[in-house]
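Worksheet for the structure shown next.
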Amino acid sequence: MIAEIGHFCLILALIVAALQVALPLYGAKAEKPGLMGFADQAARIQFALLAASFACLTYTFLISDFSVKLAASHSHTTKPFLYKISGVWGNHEGSILLWTLMLGLYGFLFSVFTKSLPAALRARTLAIQAMLAVGFIGFILFTSNPFERLFPTPMDGLGLNPILQDPGLAIHPPLLYMGYVGYSLAFSMAVAALLSGKIDKAWAKALKPWSLLSWSFLTLGIAMGSLWAYYELGWGGWWMWDPVENVSFMPWLIGTALLHSIMVMERRQNLAHWTVLLAITAFSLSLIGTFIVRSGVLVSVHAFAVDPERGVFILALLLLATGGALSLYAMRAKTLVQRAEFDQVSREGGLVLNNLLLATATATVFLGTFYPLIMDAVTGDKISVGKPYFDLTFAPIMAVLIIFMGAAPLLRWQKDSLSTLKKFLLLSGLGALAIMALTYIFGRSILGGFGLALAAYLAYGALKAFRKKGPLSSLPRQAKYHLMSFTLAHLGVAVLTAGAVTMSVWADDTIGRVKPGESLEVAGYTFTLTDVTGGETRNYSFRRGEVSVSKGGREIKTLQTEQRFYPVREMITTEAGFRFSPTATLFAGLGEGTPEDGYILRANYHPAVIWIWIGALLMSIAGFLSLIGMRSPAKRPVRESELVTST
């Protein structure tokens with residue numbers, strides 16, 4: 001009965017979403033306040049119905065109702081409570097329902113918290129948001145019903161994929177979707193503004209918190225996914241340029257450019273074209289990511305489905321949404337507001353250049369991700385584009401971007417001179433040379449020295465811009481939070497860059513077959529396999545290796561690494577043992593073997609890898625900090641006559 005209630009709530013949500021599209025759009029055109037106001041109520045009802053549907057699905061997993069096919073396929077009575085919950089979205093049907101729930105959540109939040117926009121613009125925004133919901137709810141009901149019954153009912157379920165049985169995977173998808181799906185609201189606001197023909201500072205100011213919220217959650221989601229892949233999949237890498245990793249990274253790059261574009265538009269009434277186009281592109285790339293993991297065009301640990309029919313449905317949604325928005329943009333592009341002029345050497349000029357570099361970096365990742373898929377579809381050739389390609393293309397673009405990131409905040413708005421940067425460039429140049437020289441002397445790497453010099457340069461630029469504004473106590477509340485957010489975000493990029501460079505250049509690893517009592521040597525550390533024992537839990541059986549790590553005869557830590565066998569799925573996984581520290585992470589993984597022949601042991605030395613995730617965390621905190629600073633007393637709605645018309 002619970003499953004039928006959840007299914008019924010989905011049907012009602014589809015009906016409400018359809019009404020939320022039609023009535024507010026008509027009301028905005030006919031200037032009928034009652035119909036425009038209906039958008040707010042419909043958005044709240046739609047979210048409530050989606051939340052009820054998702055709660056019903058979750059309940060079937062918690063009580064192990066295996067008459068529901070999805071629960072039978074992705075849960076088991078022996079699963080821990082946490083994995084019963086994460087099993088709800090550890091599959092295609094449940095994850096797309098979570099995706100749609102987030103879509104409804106953003107519509108609900110917009111209806112509650114965005115009151116300053118004109119009624120017509122708000123109504124159109126919620127109508128476009130509902131239009132997306134109609135597509136996704138329809139996709140669920142007609143191709144991916146999570147409440148499908150199974151008869152006869154099995155005694156037990158098949159269990160969740162063992163790779164997904166990890167606390168990180170219980171957190172990663174909701175965080176990622178809060179970021180991914182958040183750009184739907186930026187998309188809806190952009191399309192609504194194009195329909196209204198009015199784009200100005202007020203619109204940019206209303207768009208900013210939602211873009212910040214999406215960007216902050218997406219940063220957290222990507223970082224959590226990277227951390228999970230590092231310790232769970234056993235490869236010891238923090239980023240592998242997997243296609244599904246890339247399709248989450250591309251919206252982040254464009255979302256970063258969108259934030260900078262909003263900053264210029266809010267401050268200087270400029271870059272309306274950039275802002276609208278980036279808002280459309282960010283969500284379009286999110287849809288592309290959704291298509292990739294559900295279409296069967298690739299095989300990945302991240303992929304949810306291999307059903308081409310489902311992929312065609314999402315591809316149609318992608319083409320309709322993106323094609324429609326870009327067509328509308330093409331018709332209105334000449335009429336968009338374009339106000340204040342600015343010199344190339346100015347803060348606006350620096351931000352525009354940053355956006356161009358971010359867009360180029362996105363195009364580079366897009367090409368590296370989709371070229372193999374296109375070649376496979378057209379010629380049948382199987383090619384691989386991996387780390388060497390991205391090292392040669394993406395890394396140089398980001399190096400140039402960091403150079404401009406460090407200098408642009410020190411320039412004045414509208415017009416400035418390069419002489420403003422003379423002292424900064426001189427000091428940072430001398431510092432960079434010193435870092436590169438020291439790194440070459442002690443680390444024997446020119447490339448590593450250049451990367452660390454870039455990180456130090458960016459941190460110096462952020463701190464200098466912070467000091468330039470004067471003491472925090474003298475600034476208004478919003479300016480104070482904005483400055484702290486900017487500084488923390490740029491410091492986060494610097495910390496991440498330093499961690500990534502150090503890890504990439506000086507990491508070391510080895511693999512060998514050892515018996516208990518034998519050792520492997522890595523970067524001056526001795527990894528000794530001291531014991532191998534077996535056992536079992538309610539969920540799996542395991543073989544556990546105890547690995548003692550020492551350096552210079554002094555024992556540092558004993559790592560525990562396991563090979564686990566999940567009988568329900570008949571799968572084997574490797575759980576690595578770690579010793580995380582600010583300076584270096586030590587990593588050991590136990591593989592196949594016998595007491596007589598020895599066991600495969602992998603030993604890794606990863607310097608500064610933890611700073612990669614600390615840097616990402618700082619960036620995310622910066623976004624949330626900026627949101628806190630934007631809180632202010634409710635303001636009266638802006639009248640239509642007060643907006644700058646684009647015609």
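Naming works like this for the structure tokens: A, B, ... for the chains as they're shown, residue 1 at the start of each chain, ligands 1 onward in shown order.
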Name all residues at most 10 Å from segment 485-500 of chain A (count only C-alpha atoms; drop same-chain ones fewer than 4 positions away) and give them as a PDB file with N, CA and C atoms, in the first residue's frame.
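Everything below was put into part-v6.pdb:
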```
ATOM      1  N   TRP A 238      43.271  10.476  -6.599  1.00  0.00           N
ATOM      2  CA  TRP A 238      42.201  11.383  -6.175  1.00  0.00           C
ATOM      3  C   TRP A 238      41.388  11.881  -7.360  1.00  0.00           C
ATOM      4  N   TRP A 239      41.897  11.729  -8.589  1.00  0.00           N
ATOM      5  CA  TRP A 239      41.138  12.136  -9.772  1.00  0.00           C
ATOM      6  C   TRP A 239      41.691  11.359 -10.961  1.00  0.00           C
ATOM      7  N   MET A 398      44.759  26.128 -16.776  1.00  0.00           N
ATOM      8  CA  MET A 398      44.543  26.449 -15.371  1.00  0.00           C
ATOM      9  C   MET A 398      45.716  27.227 -14.792  1.00  0.00           C
ATOM     10  N   ALA A 399      46.925  26.977 -15.288  1.00  0.00           N
ATOM     11  CA  ALA A 399      48.085  27.738 -14.823  1.00  0.00           C
ATOM     12  C   ALA A 399      47.942  29.214 -15.204  1.00  0.00           C
ATOM     13  N   ILE A 402      45.250  30.840 -13.025  1.00  0.00           N
ATOM     14  CA  ILE A 402      45.719  31.186 -11.680  1.00  0.00           C
ATOM     15  C   ILE A 402      46.510  32.489 -11.694  1.00  0.00           C
ATOM     16  N   MET A 405      43.935  35.104 -11.804  1.00  0.00           N
ATOM     17  CA  MET A 405      43.188  35.106 -10.541  1.00  0.00           C
ATOM     18  C   MET A 405      43.927  35.871  -9.448  1.00  0.00           C
ATOM     19  N   GLY A 406      45.251  35.745  -9.449  1.00  0.00           N
ATOM     20  CA  GLY A 406      46.031  36.424  -8.433  1.00  0.00           C
ATOM     21  C   GLY A 406      46.081  37.923  -8.625  1.00  0.00           C
ATOM     22  N   PRO A 409      41.961  40.767  -8.835  1.00  0.00           N
ATOM     23  CA  PRO A 409      41.304  41.431  -7.698  1.00  0.00           C
ATOM     24  C   PRO A 409      42.025  42.694  -7.218  1.00  0.00           C
ATOM     25  N   GLY A 448      57.358  20.761 -10.435  1.00  0.00           N
ATOM     26  CA  GLY A 448      56.783  20.857  -9.097  1.00  0.00           C
ATOM     27  C   GLY A 448      57.011  22.228  -8.493  1.00  0.00           C
ATOM     28  N   GLY A 449      58.193  22.794  -8.708  1.00  0.00           N
ATOM     29  CA  GLY A 449      58.475  24.132  -8.196  1.00  0.00           C
ATOM     30  C   GLY A 449      57.591  25.181  -8.829  1.00  0.00           C
ATOM     31  N   GLY A 451      54.549  24.705 -10.037  1.00  0.00           N
ATOM     32  CA  GLY A 451      53.201  24.539  -9.498  1.00  0.00           C
ATOM     33  C   GLY A 451      53.067  25.121  -8.099  1.00  0.00           C
ATOM     34  N   LEU A 452      54.051  24.870  -7.242  1.00  0.00           N
ATOM     35  CA  LEU A 452      54.012  25.409  -5.883  1.00  0.00           C
ATOM     36  C   LEU A 452      54.152  26.932  -5.902  1.00  0.00           C
ATOM     37  N   ALA A 453      54.942  27.452  -6.839  1.00  0.00           N
ATOM     38  CA  ALA A 453      55.075  28.908  -6.965  1.00  0.00           C
ATOM     39  C   ALA A 453      53.745  29.536  -7.375  1.00  0.00           C
ATOM     40  N   LEU A 454      53.010  28.878  -8.259  1.00  0.00           N
ATOM     41  CA  LEU A 454      51.686  29.375  -8.650  1.00  0.00           C
ATOM     42  C   LEU A 454      50.739  29.414  -7.453  1.00  0.00           C
ATOM     43  N   ALA A 455      50.766  28.346  -6.657  1.00  0.00           N
ATOM     44  CA  ALA A 455      49.894  28.291  -5.482  1.00  0.00           C
ATOM     45  C   ALA A 455      50.237  29.406  -4.498  1.00  0.00           C
ATOM     46  N   ALA A 456      51.543  29.621  -4.254  1.00  0.00           N
ATOM     47  CA  ALA A 456      51.964  30.673  -3.327  1.00  0.00           C
ATOM     48  C   ALA A 456      51.601  32.053  -3.868  1.00  0.00           C
ATOM     49  N   TYR A 457      51.773  32.239  -5.181  1.00  0.00           N
ATOM     50  CA  TYR A 457      51.426  33.508  -5.827  1.00  0.00           C
ATOM     51  C   TYR A 457      49.944  33.827  -5.659  1.00  0.00           C
ATOM     52  N   LEU A 458      49.087  32.826  -5.863  1.00  0.00           N
ATOM     53  CA  LEU A 458      47.643  33.045  -5.724  1.00  0.00           C
ATOM     54  C   LEU A 458      47.280  33.373  -4.279  1.00  0.00           C
ATOM     55  N   ALA A 459      47.878  32.661  -3.332  1.00  0.00           N
ATOM     56  CA  ALA A 459      47.606  32.945  -1.924  1.00  0.00           C
ATOM     57  C   ALA A 459      48.056  34.356  -1.557  1.00  0.00           C
ATOM     58  N   TYR A 460      49.215  34.767  -2.056  1.00  0.00           N
ATOM     59  CA  TYR A 460      49.727  36.118  -1.788  1.00  0.00           C
ATOM     60  C   TYR A 460      48.790  37.170  -2.376  1.00  0.00           C
ATOM     61  N   GLY A 461      48.308  36.940  -3.600  1.00  0.00           N
ATOM     62  CA  GLY A 461      47.378  37.881  -4.215  1.00  0.00           C
ATOM     63  C   GLY A 461      46.078  38.011  -3.442  1.00  0.00           C
ATOM     64  N   ALA A 462      45.554  36.869  -2.951  1.00  0.00           N
ATOM     65  CA  ALA A 462      44.305  36.900  -2.181  1.00  0.00           C
ATOM     66  C   ALA A 462      44.490  37.666  -0.874  1.00  0.00           C
ATOM     67  N   LEU A 463      45.599  37.421  -0.184  1.00  0.00           N
ATOM     68  CA  LEU A 463      45.847  38.107   1.089  1.00  0.00           C
ATOM     69  C   LEU A 463      46.110  39.597   0.880  1.00  0.00           C
ATOM     70  N   LYS A 464      46.787  39.932  -0.215  1.00  0.00           N
ATOM     71  CA  LYS A 464      47.048  41.348  -0.501  1.00  0.00           C
ATOM     72  C   LYS A 464      45.747  42.080  -0.813  1.00  0.00           C
ATOM     73  N   ALA A 465      44.842  41.424  -1.569  1.00  0.00           N
ATOM     74  CA  ALA A 465      43.540  42.038  -1.851  1.00  0.00           C
ATOM     75  C   ALA A 465      42.727  42.190  -0.567  1.00  0.00           C
ATOM     76  N   PHE A 466      42.853  41.225   0.336  1.00  0.00           N
ATOM     77  CA  PHE A 466      42.159  41.296   1.622  1.00  0.00           C
ATOM     78  C   PHE A 466      42.648  42.503   2.431  1.00  0.00           C
ATOM     79  N   ALA A 479      29.673  43.574   2.774  1.00  0.00           N
ATOM     80  CA  ALA A 479      31.012  43.710   2.205  1.00  0.00           C
ATOM     81  C   ALA A 479      32.026  42.891   3.001  1.00  0.00           C
ATOM     82  N   LYS A 480      31.839  42.846   4.317  1.00  0.00           N
ATOM     83  CA  LYS A 480      32.729  42.074   5.186  1.00  0.00           C
ATOM     84  C   LYS A 480      32.675  40.591   4.831  1.00  0.00           C
ATOM     85  N   TYR A 481      31.474  40.055   4.700  1.00  0.00           N
ATOM     86  CA  TYR A 481      31.329  38.635   4.363  1.00  0.00           C
ATOM     87  C   TYR A 481      31.814  38.350   2.949  1.00  0.00           C
ATOM     88  N   SER A 504      51.065  14.899  -7.290  1.00  0.00           N
ATOM     89  CA  SER A 504      51.349  14.456  -8.658  1.00  0.00           C
ATOM     90  C   SER A 504      52.846  14.259  -8.904  1.00  0.00           C
ATOM     91  N   VAL A 505      53.664  15.114  -8.307  1.00  0.00           N
ATOM     92  CA  VAL A 505      55.099  15.101  -8.609  1.00  0.00           C
ATOM     93  C   VAL A 505      55.869  14.130  -7.717  1.00  0.00           C
ATOM     94  N   THR A 583      51.324  15.988   6.308  1.00  0.00           N
ATOM     95  CA  THR A 583      52.515  15.918   5.451  1.00  0.00           C
ATOM     96  C   THR A 583      52.410  14.822   4.389  1.00  0.00           C
ATOM     97  N   HIS A 606      51.806   9.141  -0.379  1.00  0.00           N
ATOM     98  CA  HIS A 606      51.090  10.238  -1.021  1.00  0.00           C
ATOM     99  C   HIS A 606      51.295  11.531  -0.225  1.00  0.00           C
ATOM    100  N   PRO A 607      52.261  12.344  -0.612  1.00  0.00           N
ATOM    101  CA  PRO A 607      52.521  13.572   0.136  1.00  0.00           C
ATOM    102  C   PRO A 607      51.445  14.623  -0.108  1.00  0.00           C
ATOM    103  N   ALA A 608      50.980  15.250   0.975  1.00  0.00           N
ATOM    104  CA  ALA A 608      50.076  16.422   0.924  1.00  0.00           C
ATOM    105  C   ALA A 608      48.732  16.149   0.259  1.00  0.00           C
ATOM    106  N   VAL A 609      48.366  14.885   0.042  1.00  0.00           N
ATOM    107  CA  VAL A 609      47.119  14.615  -0.675  1.00  0.00           C
ATOM    108  C   VAL A 609      45.908  15.139   0.084  1.00  0.00           C
ATOM    109  N   ILE A 610      45.975  15.155   1.410  1.00  0.00           N
ATOM    110  CA  ILE A 610      44.833  15.597   2.206  1.00  0.00           C
ATOM    111  C   ILE A 610      44.511  17.070   1.962  1.00  0.00           C
ATOM    112  N   TRP A 611      45.511  17.843   1.540  1.00  0.00           N
ATOM    113  CA  TRP A 611      45.283  19.269   1.307  1.00  0.00           C
ATOM    114  C   TRP A 611      44.433  19.524   0.073  1.00  0.00           C
ATOM    115  N   ILE A 612      44.321  18.549  -0.790  1.00  0.00           N
ATOM    116  CA  ILE A 612      43.423  18.678  -1.942  1.00  0.00           C
ATOM    117  C   ILE A 612      41.986  18.826  -1.460  1.00  0.00           C
ATOM    118  N   TRP A 613      41.584  17.980  -0.519  1.00  0.00           N
ATOM    119  CA  TRP A 613      40.208  18.025  -0.015  1.00  0.00           C
ATOM    120  C   TRP A 613      40.011  19.176   0.970  1.00  0.00           C
ATOM    121  N   ILE A 614      41.054  19.539   1.680  1.00  0.00           N
ATOM    122  CA  ILE A 614      40.956  20.713   2.552  1.00  0.00           C
ATOM    123  C   ILE A 614      40.740  21.963   1.713  1.00  0.00           C
ATOM    124  N   GLY A 615      41.451  22.066   0.601  1.00  0.00           N
ATOM    125  CA  GLY A 615      41.262  23.207  -0.292  1.00  0.00           C
ATOM    126  C   GLY A 615      39.850  23.276  -0.836  1.00  0.00           C
ATOM    127  N   ALA A 616      39.306  22.126  -1.261  1.00  0.00           N
ATOM    128  CA  ALA A 616      37.926  22.096  -1.765  1.00  0.00           C
ATOM    129  C   ALA A 616      36.942  22.470  -0.665  1.00  0.00           C
ATOM    130  N   LEU A 617      37.201  22.001   0.551  1.00  0.00           N
ATOM    131  CA  LEU A 617      36.334  22.348   1.683  1.00  0.00           C
ATOM    132  C   LEU A 617      36.364  23.852   1.949  1.00  0.00           C
ATOM    133  N   LEU A 618      37.529  24.465   1.890  1.00  0.00           N
ATOM    134  CA  LEU A 618      37.638  25.912   2.086  1.00  0.00           C
ATOM    135  C   LEU A 618      36.833  26.666   1.022  1.00  0.00           C
ATOM    136  N   MET A 619      36.898  26.193  -0.209  1.00  0.00           N
ATOM    137  CA  MET A 619      36.144  26.842  -1.288  1.00  0.00           C
ATOM    138  C   MET A 619      34.647  26.749  -1.035  1.00  0.00           C
ATOM    139  N   SER A 620      34.204  25.577  -0.598  1.00  0.00           N
ATOM    140  CA  SER A 620      32.780  25.403  -0.336  1.00  0.00           C
ATOM    141  C   SER A 620      32.327  26.270   0.835  1.00  0.00           C
ATOM    142  N   ILE A 621      33.130  26.294   1.891  1.00  0.00           N
ATOM    143  CA  ILE A 621      32.803  27.138   3.046  1.00  0.00           C
ATOM    144  C   ILE A 621      32.714  28.596   2.623  1.00  0.00           C
ATOM    145  N   ALA A 622      33.590  29.010   1.708  1.00  0.00           N
ATOM    146  CA  ALA A 622      33.566  30.387   1.217  1.00  0.00           C
ATOM    147  C   ALA A 622      32.223  30.705   0.573  1.00  0.00           C
ATOM    148  N   GLY A 623      31.698  29.761  -0.204  1.00  0.00           N
ATOM    149  CA  GLY A 623      30.394  29.980  -0.827  1.00  0.00           C
ATOM    150  C   GLY A 623      29.292  30.128   0.191  1.00  0.00           C
ATOM    151  N   PHE A 624      29.272  29.253   1.180  1.00  0.00           N
ATOM    152  CA  PHE A 624      28.236  29.345   2.222  1.00  0.00           C
ATOM    153  C   PHE A 624      28.404  30.614   3.059  1.00  0.00           C
ATOM    154  N   LEU A 625      29.645  31.019   3.270  1.00  0.00           N
ATOM    155  CA  LEU A 625      29.911  32.242   4.027  1.00  0.00           C
ATOM    156  C   LEU A 625      29.347  33.450   3.289  1.00  0.00           C
ATOM    157  N   SER A 626      29.508  33.475   1.989  1.00  0.00           N
ATOM    158  CA  SER A 626      28.956  34.571   1.193  1.00  0.00           C
ATOM    159  C   SER A 626      27.436  34.592   1.263  1.00  0.00           C
ATOM    160  N   LEU A 627      26.835  33.411   1.286  1.00  0.00           N
ATOM    161  CA  LEU A 627      25.371  33.335   1.412  1.00  0.00           C
ATOM    162  C   LEU A 627      24.896  33.900   2.746  1.00  0.00           C
ATOM    163  N   ILE A 628      25.625  33.602   3.802  1.00  0.00           N
ATOM    164  CA  ILE A 628      25.270  34.134   5.120  1.00  0.00           C
ATOM    165  C   ILE A 628      25.327  35.655   5.093  1.00  0.00           C
ATOM    166  N   GLY A 629      26.340  36.195   4.444  1.00  0.00           N
ATOM    167  CA  GLY A 629      26.491  37.641   4.371  1.00  0.00           C
ATOM    168  C   GLY A 629      25.419  38.324   3.556  1.00  0.00           C
TER     169      GLY A 629
END
```
Quick one: residues within 10 Å of segment 136-150 of chain A, only C-alpha atoms counted, chain neighbours fewer than 3 positions away excluded, as number ranges by chain? A: 2-8, 10-11, 13-15, 17, 50, 53-54, 56-57, 60, 65-72, 88, 91-97, 99-101, 103, 130-133, 153-154, 307, 309-310, 313-314, 317
Keeping only N, CA and C atoms, write those residues as a short mmCIF file (atom, residue, chain, number, x, y, z; two decimals), in the first residue's frame.
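Saved to part08.cif:
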```
data_model
loop_
_atom_site.label_atom_id
_atom_site.label_comp_id
_atom_site.auth_asym_id
_atom_site.auth_seq_id
_atom_site.Cartn_x
_atom_site.Cartn_y
_atom_site.Cartn_z
N ILE A 2 1.99 1.24 0.73
CA ILE A 2 2.88 2.40 0.78
C ILE A 2 3.43 2.70 -0.61
N ALA A 3 3.79 1.65 -1.34
CA ALA A 3 4.32 1.86 -2.69
C ALA A 3 3.28 2.52 -3.59
N GLU A 4 2.02 2.10 -3.47
CA GLU A 4 0.97 2.70 -4.30
C GLU A 4 0.74 4.16 -3.92
N ILE A 5 0.86 4.47 -2.64
CA ILE A 5 0.72 5.87 -2.21
C ILE A 5 1.84 6.71 -2.82
N GLY A 6 3.08 6.17 -2.79
CA GLY A 6 4.19 6.89 -3.39
C GLY A 6 4.01 7.12 -4.87
N HIS A 7 3.49 6.08 -5.57
CA HIS A 7 3.24 6.19 -7.00
C HIS A 7 2.15 7.23 -7.28
N PHE A 8 1.12 7.22 -6.47
CA PHE A 8 0.02 8.16 -6.64
C PHE A 8 0.49 9.60 -6.41
N LEU A 10 3.40 10.72 -7.04
CA LEU A 10 4.13 11.12 -8.24
C LEU A 10 3.18 11.57 -9.34
N ILE A 11 2.09 10.86 -9.51
CA ILE A 11 1.10 11.24 -10.53
C ILE A 11 0.50 12.61 -10.21
N ALA A 13 1.94 14.93 -8.44
CA ALA A 13 3.00 15.92 -8.64
C ALA A 13 3.11 16.31 -10.11
N LEU A 14 2.92 15.33 -11.01
CA LEU A 14 2.96 15.63 -12.44
C LEU A 14 1.82 16.56 -12.83
N ILE A 15 0.64 16.30 -12.30
CA ILE A 15 -0.52 17.15 -12.61
C ILE A 15 -0.30 18.57 -12.09
N ALA A 17 2.55 20.02 -11.46
CA ALA A 17 3.62 20.66 -12.23
C ALA A 17 3.10 21.17 -13.56
N LEU A 50 6.39 15.34 -4.01
CA LEU A 50 7.63 14.64 -4.34
C LEU A 50 8.31 14.12 -3.08
N SER A 53 6.46 11.06 -1.92
CA SER A 53 6.79 9.92 -2.77
C SER A 53 8.15 9.34 -2.41
N PHE A 54 9.12 10.22 -2.21
CA PHE A 54 10.47 9.76 -1.85
C PHE A 54 10.47 9.10 -0.48
N CYS A 56 8.00 7.46 0.84
CA CYS A 56 7.39 6.13 0.68
C CYS A 56 8.40 5.13 0.14
N LEU A 57 9.21 5.55 -0.83
CA LEU A 57 10.22 4.65 -1.38
C LEU A 57 11.25 4.30 -0.31
N THR A 60 9.97 1.63 2.05
CA THR A 60 9.99 0.25 1.53
C THR A 60 11.38 -0.37 1.70
N ASP A 65 10.72 -4.31 2.19
CA ASP A 65 9.53 -4.73 1.45
C ASP A 65 9.97 -5.20 0.07
N PHE A 66 10.26 -6.49 -0.06
CA PHE A 66 10.80 -7.02 -1.29
C PHE A 66 9.73 -7.33 -2.33
N SER A 67 8.48 -6.97 -2.03
CA SER A 67 7.48 -7.00 -3.09
C SER A 67 7.66 -5.82 -4.03
N VAL A 68 8.43 -4.80 -3.60
CA VAL A 68 8.82 -3.69 -4.48
C VAL A 68 10.12 -4.10 -5.17
N LYS A 69 10.09 -4.15 -6.48
CA LYS A 69 11.21 -4.68 -7.25
C LYS A 69 12.52 -3.95 -6.95
N LEU A 70 12.45 -2.62 -6.80
CA LEU A 70 13.66 -1.84 -6.56
C LEU A 70 14.31 -2.22 -5.23
N ALA A 71 13.51 -2.39 -4.18
CA ALA A 71 14.04 -2.79 -2.88
C ALA A 71 14.63 -4.20 -2.94
N ALA A 72 13.98 -5.06 -3.68
CA ALA A 72 14.48 -6.44 -3.80
C ALA A 72 15.81 -6.48 -4.55
N VAL A 88 18.47 3.53 -1.44
CA VAL A 88 17.35 4.18 -2.13
C VAL A 88 17.84 4.90 -3.38
N ASN A 91 20.85 3.43 -7.23
CA ASN A 91 20.33 2.76 -8.41
C ASN A 91 19.72 3.82 -9.33
N HIS A 92 19.34 3.43 -10.51
CA HIS A 92 18.82 4.41 -11.47
C HIS A 92 17.50 5.03 -11.02
N GLU A 93 16.51 4.18 -10.72
CA GLU A 93 15.17 4.69 -10.42
C GLU A 93 15.15 5.58 -9.18
N GLY A 94 15.81 5.12 -8.12
CA GLY A 94 15.83 5.91 -6.90
C GLY A 94 16.61 7.20 -7.05
N SER A 95 17.71 7.13 -7.78
CA SER A 95 18.54 8.33 -7.93
C SER A 95 17.84 9.39 -8.79
N ILE A 96 17.09 8.97 -9.79
CA ILE A 96 16.39 9.97 -10.61
C ILE A 96 15.21 10.55 -9.84
N LEU A 97 14.63 9.78 -8.91
CA LEU A 97 13.60 10.34 -8.04
C LEU A 97 14.22 11.37 -7.09
N TRP A 99 16.86 13.13 -7.78
CA TRP A 99 17.15 14.25 -8.70
C TRP A 99 15.92 15.14 -8.83
N THR A 100 14.77 14.50 -9.05
CA THR A 100 13.52 15.25 -9.23
C THR A 100 13.07 15.91 -7.93
N LEU A 101 13.32 15.23 -6.81
CA LEU A 101 13.01 15.84 -5.51
C LEU A 101 13.82 17.12 -5.32
N LEU A 103 14.91 19.02 -7.68
CA LEU A 103 14.32 19.99 -8.61
C LEU A 103 13.13 20.68 -7.96
N ALA A 130 8.88 24.27 -13.31
CA ALA A 130 7.87 23.21 -13.35
C ALA A 130 7.90 22.48 -14.68
N MET A 131 8.25 23.19 -15.75
CA MET A 131 8.35 22.54 -17.06
C MET A 131 9.43 21.46 -17.03
N LEU A 132 10.54 21.77 -16.38
CA LEU A 132 11.58 20.75 -16.21
C LEU A 132 11.07 19.59 -15.37
N ALA A 133 10.30 19.91 -14.32
CA ALA A 133 9.75 18.86 -13.46
C ALA A 133 8.80 17.96 -14.23
N THR A 153 7.01 -12.60 -4.49
CA THR A 153 7.90 -11.82 -3.63
C THR A 153 9.05 -12.70 -3.13
N PRO A 154 10.30 -12.30 -3.36
CA PRO A 154 11.43 -13.12 -2.89
C PRO A 154 11.55 -13.06 -1.37
N ASP A 307 20.35 1.26 -20.24
CA ASP A 307 19.16 1.13 -21.07
C ASP A 307 19.12 2.29 -22.08
N GLU A 309 16.93 3.17 -24.23
CA GLU A 309 15.64 3.84 -24.33
C GLU A 309 15.52 4.96 -23.31
N ARG A 310 16.01 4.71 -22.11
CA ARG A 310 16.00 5.76 -21.10
C ARG A 310 16.91 6.90 -21.52
N PHE A 313 15.20 9.23 -23.93
CA PHE A 313 14.24 10.11 -23.27
C PHE A 313 14.96 11.33 -22.68
N ILE A 314 16.06 11.08 -21.97
CA ILE A 314 16.80 12.18 -21.36
C ILE A 314 17.45 13.05 -22.44
N LEU A 317 14.90 15.41 -23.59
CA LEU A 317 14.75 16.50 -22.62
C LEU A 317 15.89 17.50 -22.75
#
```
Please identify which residues in segment 183-308 of chain A DSSP calls helix (DSSP H, G or I) from the backbone, and express them as a PyMOL selection string. chain A and resi 183-196+201-232+243-268+272-295+308
Calculated over only C-alpha atoms, which of the candidates A:Leu529, A:Met265, A:Met571, A:Ala321 has the smallest distance to Leu559 of chain A? A:Leu529
Backbone-only DSSP, strand (DSSP E) members of segment 480-601 of chain A, as a ChimeraX atom specification: /A:508-514,519-522,525-536,541-551,554-566,571-575,577-579,584-594,598-601
Can you tell me, as a PDB file with C-alpha atoms, in the first residue's frame, what residues are no more than 10 Å from Asp416 of chain A when counting only C-alpha atoms, ignoring any on the same chain fewer than 2 positions away?
```pdb
ATOM      1  CA  PHE A 342      35.324  49.240 -19.200  1.00  0.00           C
ATOM      2  CA  ASP A 343      38.986  49.188 -20.081  1.00  0.00           C
ATOM      3  CA  GLN A 344      40.823  45.962 -20.789  1.00  0.00           C
ATOM      4  CA  VAL A 345      43.087  46.668 -17.829  1.00  0.00           C
ATOM      5  CA  SER A 346      40.436  46.710 -15.115  1.00  0.00           C
ATOM      6  CA  ARG A 347      38.788  44.298 -12.733  1.00  0.00           C
ATOM      7  CA  GLY A 349      38.637  42.903 -17.885  1.00  0.00           C
ATOM      8  CA  LEU A 410      44.030  44.067  -7.224  1.00  0.00           C
ATOM      9  CA  LEU A 411      42.782  46.141 -10.178  1.00  0.00           C
ATOM     10  CA  ARG A 412      40.181  48.895  -9.930  1.00  0.00           C
ATOM     11  CA  TRP A 413      36.764  48.676 -11.550  1.00  0.00           C
ATOM     12  CA  GLN A 414      36.202  50.150 -15.026  1.00  0.00           C
ATOM     13  CA  LEU A 418      49.376  47.930 -15.153  1.00  0.00           C
ATOM     14  CA  SER A 419      51.539  50.144 -12.959  1.00  0.00           C
ATOM     15  CA  THR A 420      49.111  49.277 -10.142  1.00  0.00           C
ATOM     16  CA  LEU A 421      50.445  45.732 -10.237  1.00  0.00           C
TER      17      LEU A 421
END
```
Find the spatial neighbours of segment 244-260 of chain A, counting only C-alpha atoms, within a cut-off of 8 Å - ignore same-chain residues fewer than 4 positions away - and output them as a PyMOL selection string. chain A and resi 180+208+211-212+215+218-219+222+239-240+264+274-275+278-279+281-283+285-286+288-289+292-293+300+302-303+351+354-355+358-359+361-362+365-366+369
